[in-house]
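Novice: My structure is in final-v4.txt, and what it holds is compact mmCIF, C-alpha atoms:
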# COMPACT_ATOMS: atom_id res chain seq x y z
CA MET A 1 21.75 17.88 24.58
CA LYS A 2 19.16 15.62 26.13
CA ILE A 3 15.50 16.48 26.47
CA ARG A 4 13.10 14.80 28.86
CA LEU A 5 9.47 15.30 29.77
CA ASN A 6 8.55 16.69 33.17
CA PHE A 7 5.69 14.65 34.61
CA ASP A 8 5.59 16.40 37.98
CA GLY A 9 2.22 17.93 37.16
CA GLY A 10 0.69 14.71 35.84
CA ALA A 11 0.55 13.11 32.38
CA PHE A 12 -1.79 11.97 29.63
CA GLY A 13 -1.32 9.53 26.78
CA LEU A 14 -1.75 9.49 23.01
CA PRO A 15 -2.19 6.53 20.62
CA ASN A 16 0.98 5.54 18.77
CA GLU A 17 -0.96 5.97 15.52
CA ALA A 18 -0.96 9.73 16.09
CA ALA A 19 2.82 9.93 15.61
CA LYS A 20 2.47 8.68 12.04
CA CYS A 21 0.27 11.64 11.13
CA ILE A 22 2.25 14.49 12.68
CA LYS A 23 3.73 15.62 9.37
CA SER A 24 0.24 15.91 7.87
CA ALA A 25 -1.41 17.55 10.87
CA THR A 26 -1.98 21.29 11.08
CA ARG A 27 -1.41 23.37 14.19
CA GLU A 28 -5.17 23.28 14.83
CA ASP A 29 -5.19 19.48 14.47
CA MET A 30 -2.45 19.09 17.07
CA ALA A 31 -4.03 21.60 19.45
CA ALA A 32 -7.36 19.79 19.28
CA LEU A 33 -5.74 16.39 19.86
CA LEU A 34 -3.80 17.57 22.91
CA SER A 35 -6.91 19.21 24.30
CA ILE A 36 -8.96 16.02 23.87
CA ALA A 37 -6.20 13.87 25.36
CA SER A 38 -5.84 16.13 28.40
CA ALA A 39 -9.56 15.67 29.12
CA GLY A 40 -8.98 11.98 29.69
CA GLY A 41 -11.21 10.70 26.89
CA ASP A 42 -14.39 12.48 28.04
CA ALA A 43 -13.88 15.77 26.29
CA ASP A 44 -16.72 18.26 26.04
CA VAL A 45 -16.65 19.66 22.52
CA GLU A 46 -17.05 23.32 23.38
CA ALA A 47 -14.66 23.14 26.32
CA ALA A 48 -12.03 21.25 24.30
CA ALA A 49 -12.21 23.75 21.44
CA ALA A 50 -11.81 26.63 23.91
CA CYS A 51 -8.89 24.90 25.61
CA ALA A 52 -7.21 24.42 22.21
CA GLY A 53 -7.73 28.08 21.36
CA ILE A 54 -9.48 27.31 18.07
CA THR A 55 -12.98 27.81 16.67
CA ARG A 56 -15.65 25.12 16.75
CA LEU A 57 -15.36 24.72 12.96
CA GLN A 58 -11.59 24.20 13.22
CA PHE A 59 -12.14 21.77 16.08
CA ASP A 60 -14.66 19.74 14.05
CA ALA A 61 -12.25 19.62 11.11
CA ALA A 62 -9.47 18.38 13.43
CA VAL A 63 -11.74 15.68 14.87
CA ALA A 64 -12.55 14.55 11.33
CA PHE A 65 -8.83 14.39 10.52
CA TRP A 66 -7.91 12.31 13.57
CA ARG A 67 -10.99 10.14 13.16
CA GLY A 68 -10.02 9.40 9.58
CA ALA A 69 -6.52 8.50 10.78
CA GLY A 70 -7.94 5.98 13.24
CA VAL A 71 -6.75 7.96 16.26
CA LEU A 72 -10.17 9.03 17.54
CA CYS A 73 -13.46 7.18 17.93
CA VAL A 74 -16.56 9.38 17.91
CA THR A 75 -19.78 8.14 19.49
CA SER A 76 -23.16 9.69 20.11
CA ASP A 77 -24.51 10.16 23.64
CA ALA A 78 -26.75 7.12 23.15
CA ASP A 79 -23.74 4.97 22.32
CA THR A 80 -21.54 6.22 25.15
CA ALA A 81 -22.72 3.74 27.75
CA VAL A 82 -22.16 0.79 25.41
CA ALA A 83 -18.92 2.01 23.87
CA LYS A 84 -17.36 3.02 27.16
CA ASP A 85 -15.96 -0.43 27.88
CA GLU A 86 -15.18 -1.32 24.28
CA LYS A 87 -11.79 -0.87 22.71
CA PRO A 88 -11.58 -0.02 19.01
CA LYS A 89 -10.35 -2.86 16.89
CA ALA A 90 -6.86 -2.46 15.52
CA LEU A 91 -7.17 -2.37 11.74
CA LYS A 92 -4.52 -2.61 9.09
CA PRO A 93 -3.98 0.64 7.16
CA SER A 94 -5.42 -0.98 4.03
CA ALA A 95 -8.61 -1.83 5.89
CA ARG A 96 -9.14 1.51 7.59
CA THR A 97 -11.50 3.71 5.59
CA PRO A 98 -12.56 6.94 7.25
CA GLU A 99 -16.28 7.35 7.73
CA LEU A 100 -16.62 11.08 7.22
CA SER A 101 -19.95 12.82 6.99
CA GLY A 102 -20.62 15.54 4.45
CA ASP A 103 -20.29 18.14 7.21
CA GLU A 104 -16.92 16.71 8.27
CA VAL A 105 -15.58 16.74 4.72
CA GLU A 106 -16.79 20.30 4.23
CA ALA A 107 -15.22 21.37 7.51
CA MET A 108 -11.87 19.87 6.49
CA ILE A 109 -11.75 21.60 3.12
CA THR A 110 -13.06 24.89 4.55
CA GLU A 111 -10.26 24.90 7.11
CA SER A 112 -7.61 24.19 4.45
CA PRO A 113 -7.54 25.85 0.98
CA GLU A 114 -4.91 23.25 -0.01
CA ARG A 115 -7.37 20.41 0.56
CA ARG A 116 -10.06 22.18 -1.48
CA SER A 117 -7.59 22.80 -4.30
CA LEU A 118 -6.53 19.15 -4.29
CA LEU A 119 -10.12 17.93 -4.51
CA TYR A 120 -10.76 20.28 -7.42
CA GLU A 121 -7.69 19.05 -9.32
CA CYS A 122 -8.60 15.42 -8.61
CA GLN A 123 -12.10 15.94 -10.01
CA GLN A 124 -10.61 17.54 -13.12
CA THR A 125 -8.29 14.56 -13.54
CA MET A 126 -11.04 11.96 -13.15
CA GLY A 127 -13.53 13.95 -15.20
CA HIS A 128 -16.45 14.03 -12.78
CA ILE A 129 -17.68 15.71 -9.62
CA PHE A 130 -16.93 13.70 -6.47
CA ASN A 131 -19.56 12.60 -4.03
CA ASN A 132 -18.87 12.68 -0.29
CA ALA A 133 -17.41 9.14 -0.22
CA GLU A 134 -14.95 9.93 -3.02
CA SER A 135 -13.90 13.18 -1.36
CA ALA A 136 -13.32 11.27 1.88
CA VAL A 137 -11.07 8.82 0.03
CA ILE A 138 -8.87 11.62 -1.33
CA LEU A 139 -8.64 13.29 2.07
CA SER A 140 -7.77 9.95 3.67
CA MET A 141 -4.88 9.39 1.25
CA ARG A 142 -3.60 12.90 1.93
CA GLU A 143 -4.13 13.16 5.65
CA TYR A 144 -3.81 9.58 6.92
CA LEU A 145 -1.14 8.22 4.58
CA GLY A 146 0.57 11.60 4.31
CA LEU A 147 0.79 11.35 0.52
CA GLU A 148 1.79 14.46 -1.38
CA ASP A 149 -0.79 16.19 -3.57
CA GLU A 150 1.37 15.52 -6.64
CA TYR A 151 1.47 11.82 -5.71
CA ILE A 152 -2.33 11.58 -5.54
CA LEU A 153 -2.81 13.43 -8.84
CA LEU A 154 -0.19 11.27 -10.57
CA LEU A 155 -1.84 8.10 -9.28
CA LEU A 156 -5.29 9.22 -10.41
CA ALA A 157 -3.93 10.09 -13.85
CA HIS A 158 -2.43 6.60 -14.12
CA VAL A 159 -5.70 4.99 -13.04
CA LYS A 160 -7.62 7.06 -15.59
CA ARG A 161 -5.22 6.04 -18.38
CA ARG A 162 -5.89 2.42 -17.54
CA GLY A 163 -9.59 3.01 -18.13
CA LYS A 164 -10.54 2.96 -14.46
CA LYS A 165 -12.98 5.61 -13.27
CA SER A 166 -13.26 4.50 -9.65
CA VAL A 167 -11.62 6.53 -6.91
CA LYS A 168 -11.87 3.44 -4.70
CA TYR A 169 -9.63 1.60 -7.18
CA ALA A 170 -7.04 4.36 -6.79
CA GLU A 171 -7.37 4.13 -3.00
CA LYS A 172 -6.73 0.40 -3.03
CA MET A 173 -3.67 0.89 -5.22
CA ALA A 174 -2.43 3.72 -2.97
CA TYR A 175 -2.60 1.59 0.18
CA THR A 176 -0.89 -1.34 -1.55
CA LEU A 177 1.94 0.87 -2.81
CA TYR A 178 2.24 2.57 0.59
CA GLU A 179 2.72 -0.78 2.31
CA ARG A 180 5.47 -1.57 -0.23
CA GLY A 181 7.28 1.65 0.57
CA VAL A 182 6.23 3.51 -2.59
CA ASP A 183 5.13 6.55 -0.59
CA THR A 184 6.76 9.53 -2.29
CA THR A 185 6.11 11.18 -5.63
CA GLU A 186 9.58 10.24 -6.84
CA ALA A 187 9.08 6.59 -5.87
CA LEU A 188 5.70 6.52 -7.60
CA GLU A 189 7.15 8.01 -10.79
CA GLU A 190 9.82 5.31 -10.78
CA TYR A 191 7.25 2.58 -10.15
CA LEU A 192 4.90 3.75 -12.92
CA SER A 193 7.83 4.00 -15.32
CA TRP A 194 8.74 0.42 -14.46
CA LEU A 195 5.14 -0.69 -15.01
CA GLU A 196 5.15 0.79 -18.49
CA SER A 197 8.49 -0.74 -19.43
CA SER A 198 7.51 -4.19 -18.10
CA SER A 199 4.16 -4.38 -19.90
CA GLU A 200 5.66 -6.29 -22.85
CA LEU A 201 7.36 -8.77 -20.52
CA GLU A 202 4.12 -9.28 -18.63
CA GLY A 203 2.28 -9.95 -21.89
CA ARG A 204 4.81 -12.60 -22.95
CA PHE A 205 4.68 -14.25 -19.54
CA ARG A 206 0.87 -14.32 -19.54
CA ALA A 207 0.92 -15.94 -22.98
CA LEU A 208 3.45 -18.51 -21.75
CA CYS A 209 1.19 -19.45 -18.84
CA GLY A 210 -1.98 -19.50 -20.94
CA MET A 211 -3.70 -16.80 -18.89
CA GLY A 212 -5.36 -15.21 -21.87
CA THR A 213 -7.11 -11.97 -21.00
CA ARG A 214 -7.53 -12.81 -17.32
CA GLN A 215 -5.99 -10.18 -15.07
CA PHE A 216 -3.47 -11.04 -12.38
CA THR A 217 -4.86 -11.49 -8.90
CA GLN A 218 -3.15 -9.25 -6.35
CA LYS A 219 -1.06 -12.17 -5.10
CA GLU A 220 0.00 -13.08 -8.65
CA ARG A 221 0.94 -9.47 -9.38
CA ASP A 222 3.00 -9.37 -6.19
CA PHE A 223 4.85 -12.49 -7.36
CA PHE A 224 5.49 -11.09 -10.84
CA GLU A 225 6.70 -7.72 -9.62
CA ARG A 226 8.99 -9.37 -7.10
CA TRP A 227 10.55 -11.59 -9.77
CA VAL A 228 11.17 -8.73 -12.16
CA ARG A 229 11.97 -5.87 -9.79
CA GLU A 230 13.72 -7.64 -6.91
CA PHE A 231 15.20 -10.69 -8.62
CA GLY A 232 15.88 -8.96 -11.96
CA CYS A 233 14.32 -11.77 -14.01
CA GLY A 234 14.00 -11.46 -17.76
CA TYR A 235 11.82 -13.59 -20.01
CA ASP A 236 14.40 -16.39 -20.32
CA MET A 237 14.57 -16.77 -16.55
CA LEU A 238 10.78 -16.78 -16.22
CA GLU A 239 10.47 -19.34 -19.01
CA SER A 240 13.05 -21.57 -17.33
CA ALA A 241 11.28 -21.36 -13.98
CA TYR A 242 7.95 -22.08 -15.67
CA SER A 243 9.40 -25.23 -17.26
CA ALA A 244 10.96 -26.30 -13.97
CA THR A 245 7.61 -25.87 -12.21
CA VAL A 246 5.63 -27.90 -14.73
CA ASP A 247 8.32 -30.60 -14.83
CA ALA A 248 8.36 -30.87 -11.05
CA ILE A 249 4.64 -30.87 -10.18
CA GLY A 250 2.95 -31.53 -13.52
CA LYS A 251 1.14 -28.20 -13.70
CA PHE A 252 1.71 -24.47 -13.54
CA SER A 253 1.63 -22.80 -10.13
CA MET A 254 2.87 -19.27 -9.49
CA ALA A 255 3.38 -20.11 -5.82
CA TYR A 256 5.66 -23.05 -6.69
CA MET A 257 7.37 -21.02 -9.41
CA ASN A 258 8.05 -18.37 -6.79
CA LYS A 259 9.86 -20.96 -4.67
CA VAL A 260 11.93 -22.01 -7.68
CA LEU A 261 12.95 -18.43 -8.42
CA GLU A 262 13.63 -17.75 -4.74
CA SER A 263 15.96 -20.74 -4.69
CA TRP A 264 17.79 -19.58 -7.80
CA HIS A 265 18.02 -16.03 -6.50
CA GLU A 266 19.48 -17.18 -3.17
CA LYS A 267 22.08 -19.26 -5.00
CA GLY A 268 22.93 -16.45 -7.40
CA GLU A 269 21.67 -18.29 -10.45
CA LYS A 270 21.88 -16.40 -13.72
CA ALA A 271 19.25 -16.52 -16.43
CA SER A 272 21.61 -18.19 -18.90
CA SER A 273 22.63 -21.05 -16.61
CA ALA A 274 19.06 -21.62 -15.45
CA SER A 275 17.84 -21.67 -19.03
CA SER A 276 20.55 -24.09 -19.99
CA ALA A 277 19.71 -26.41 -17.12
CA SER A 278 15.95 -26.40 -17.67
CA SER A 279 16.30 -27.05 -21.40
CA GLY A 280 18.44 -30.12 -20.74
CA ARG A 281 21.62 -28.78 -22.36
CA ASP A 282 24.63 -30.00 -20.38
CA THR A 283 27.31 -27.33 -20.58
CA SER A 284 29.55 -28.84 -17.93
CA GLN A 285 29.91 -32.54 -18.80
CA SER A 286 32.94 -33.82 -20.67
CA SER A 287 32.73 -35.52 -24.07
CA THR A 288 32.67 -38.90 -22.34
CA GLY A 289 30.24 -37.95 -19.61
CA SER A 290 26.69 -39.32 -19.65
CA PHE A 291 23.97 -38.28 -17.27
CA ASP A 292 20.43 -36.94 -17.59
CA THR A 293 20.66 -33.17 -17.03
CA ASP A 294 16.85 -32.87 -16.67
CA ASP A 295 16.86 -35.31 -13.75
CA PHE A 296 19.88 -33.58 -12.28
CA PHE A 297 18.16 -30.20 -12.53
CA ARG A 298 14.91 -31.41 -10.95
CA LEU A 299 16.79 -32.96 -8.06
CA ALA A 300 18.77 -29.77 -7.56
CA VAL A 301 15.60 -27.69 -7.48
CA LYS A 302 13.91 -30.01 -5.00
CA ARG A 303 17.01 -30.06 -2.82
CA GLY A 304 17.11 -26.25 -2.88
CA LEU A 305 13.45 -26.15 -1.83
CA GLY A 306 14.03 -28.42 1.09
CA GLY A 307 12.99 -31.67 -0.61
So, in terms of structure tokens, how does the structure I just supplied come out?
Specialist:
Amino acid sequence: MKIRLNFDGGAFGLPNEAAKCIKSATREDMAALLSIASAGGDADVEAAAACAGITRLQFDAAVAFWRGAGVLCVTSDADTAVAKDEKPKALKPSARTPELSGDEVEAMITESPERRSLLYECQQTMGHIFNNAESAVILSMREYLGLEDEYILLLLAHVKRRGKKSVKYAEKMAYTLYERGVDTTEALEEYLSWLESSSELEGRFRALCGMGTRQFTQKERDFFERWVREFGCGYDMLESAYSATVDAIGKFSMAYMNKVLESWHEKGEKASSASSASSGRDTSQSSTGSFDTDDFFRLAVKRGLGG
């Protein structure tokens, strides 16, 4: 069966961003959005609410939801003349933070007991009462990213265990994980389990590189997680790549080390063979052979990195 839209009576458009939020939107949210869209961008609040068949409070809550998702732009009458010809800037999900007023937050949680319950549980987890900005962050993770309530509570619990008391820290982590595809409770449980199991490996690697107590930058953490999770590197492999990096450029660089490990991964290198090569042990030469395995290894690495 094929289904097509009938445009004989006219048509109106919706931003593509709206499709990403359908699973999180309530019936009232969808009704309000369709009503606003059908008005051609100049919707009168009272008329749009009546057209949607919902109350003004439900309409305001829906506007707050779509505004937080980046689908709607709300301007005052004084701004209308200026904003009329301006197009909203396209922001990355990680850069889009909803600007919800206290009234908008209250309208959203009044309309949905589930939202109110989530905020209560989040406050219990973090151990303090949220201000409006913190409440907006939680609602953004739930409504814009479509994260499950269990996901948000699990993430906050993890953040609290790490000694972090900032909801903004949890938000930043949520957006980063979302962009990596860790967007379900099951995926988050798996990721946090991996974090715990890899803590010892991270400590050994940090000691190897002389980082001391300095925390990874986000880029460095991305490198490390890629090496361990995607490439399956153990400590021996990391140590070998570290040695290869220092030998090749005279200093440690995670960016260069990443290229080394990428090259090995593409060629199917195993930790044992890489370790053997970087340590200078020649496992392939005959008893009469004589060549410098360190030089051979460095040339091989450079050749694999395109010179």
Novice: I'd like to know which of A:Ser263, A:Thr125, A:Ser38, A:Gln218 is closest to Met173 of chain A, using only C-alpha atoms.
Specialist: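 With only C-alpha atoms as the atom set, the closest residue is A:Gln218.
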Novice: Skip Leu153 of chain A itself and residues of its chain fewer than 2 positions away, then list as a count of residues only all residues within 9 Å of it, counting only C-alpha atoms.
Specialist: 12
Novice: Mind checking which residues fall within 12 Å of Ala174 of chain A, counting only C-alpha atoms, ignoring those fewer than 4 positions away in the same chain, and posting them as a ChimeraX atom specification?
Specialist: /A:93-94,137-138,140-142,144-148,151-156,158-159,167-170,178-185,188
Novice: Between atom CA of Ala32 of chain A and atom CA of Phe12 of chain A, measure the distance and give it in Å to one decimal.
Specialist: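 Between these atoms lies a distance of 14.1 Å.
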Novice: List as a list in words: which residues have an atom within 10 Å of (-20.0, 14.2, 6.0), counting only C-alpha atoms?
Specialist: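 The residues that fall inside the cut-off are Ala64, Glu99, Leu100, Ser101, Gly102, Asp103, Glu104, Val105, Glu106, Ala107, Met108, Asn132, Ala133, Ser135 and Ala136 of chain A.
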Novice: Measure the distance from atom CA of Ala25 of chain A to atom CA of Glu143 of chain A in Å and round it to one decimal.
Specialist: 7.3 Å
Novice: Which polymer residues, whether protein, DNA or RNA, lie within 9 Å of the coordinate (0.3, 7.9, 10.5) when you count all atoms listed in the file? List them as a PyMOL selection string, using the chain letters and numbers from the file.
Specialist: chain A and resi 16-24+69-70+143-146
Novice: Between atom CA of Ala52 of chain A and atom CA of Ser35 of chain A, what is the distance, to one decimal in Å?
Specialist: 5.6 Å
Novice: Counting only C-alpha atoms, figure out which residue out of A:Arg116, A:Gly127, A:Leu261, A:Ser197 gets nearest to Gly163 of chain A.
Specialist: A:Gly127
Novice: I need the residue nearest Ala37 of chain A from this list: A:Leu5, A:Leu208, A:Ala50, A:Val71. Use all atoms listed in the file for the distance.
Specialist: A:Val71
Novice: Quick one: of A:Leu72, A:Met1, A:Ala255, A:Met30, who's nearest to Gly53 of chain A, counting all atoms listed in the file?
Specialist: A:Met30
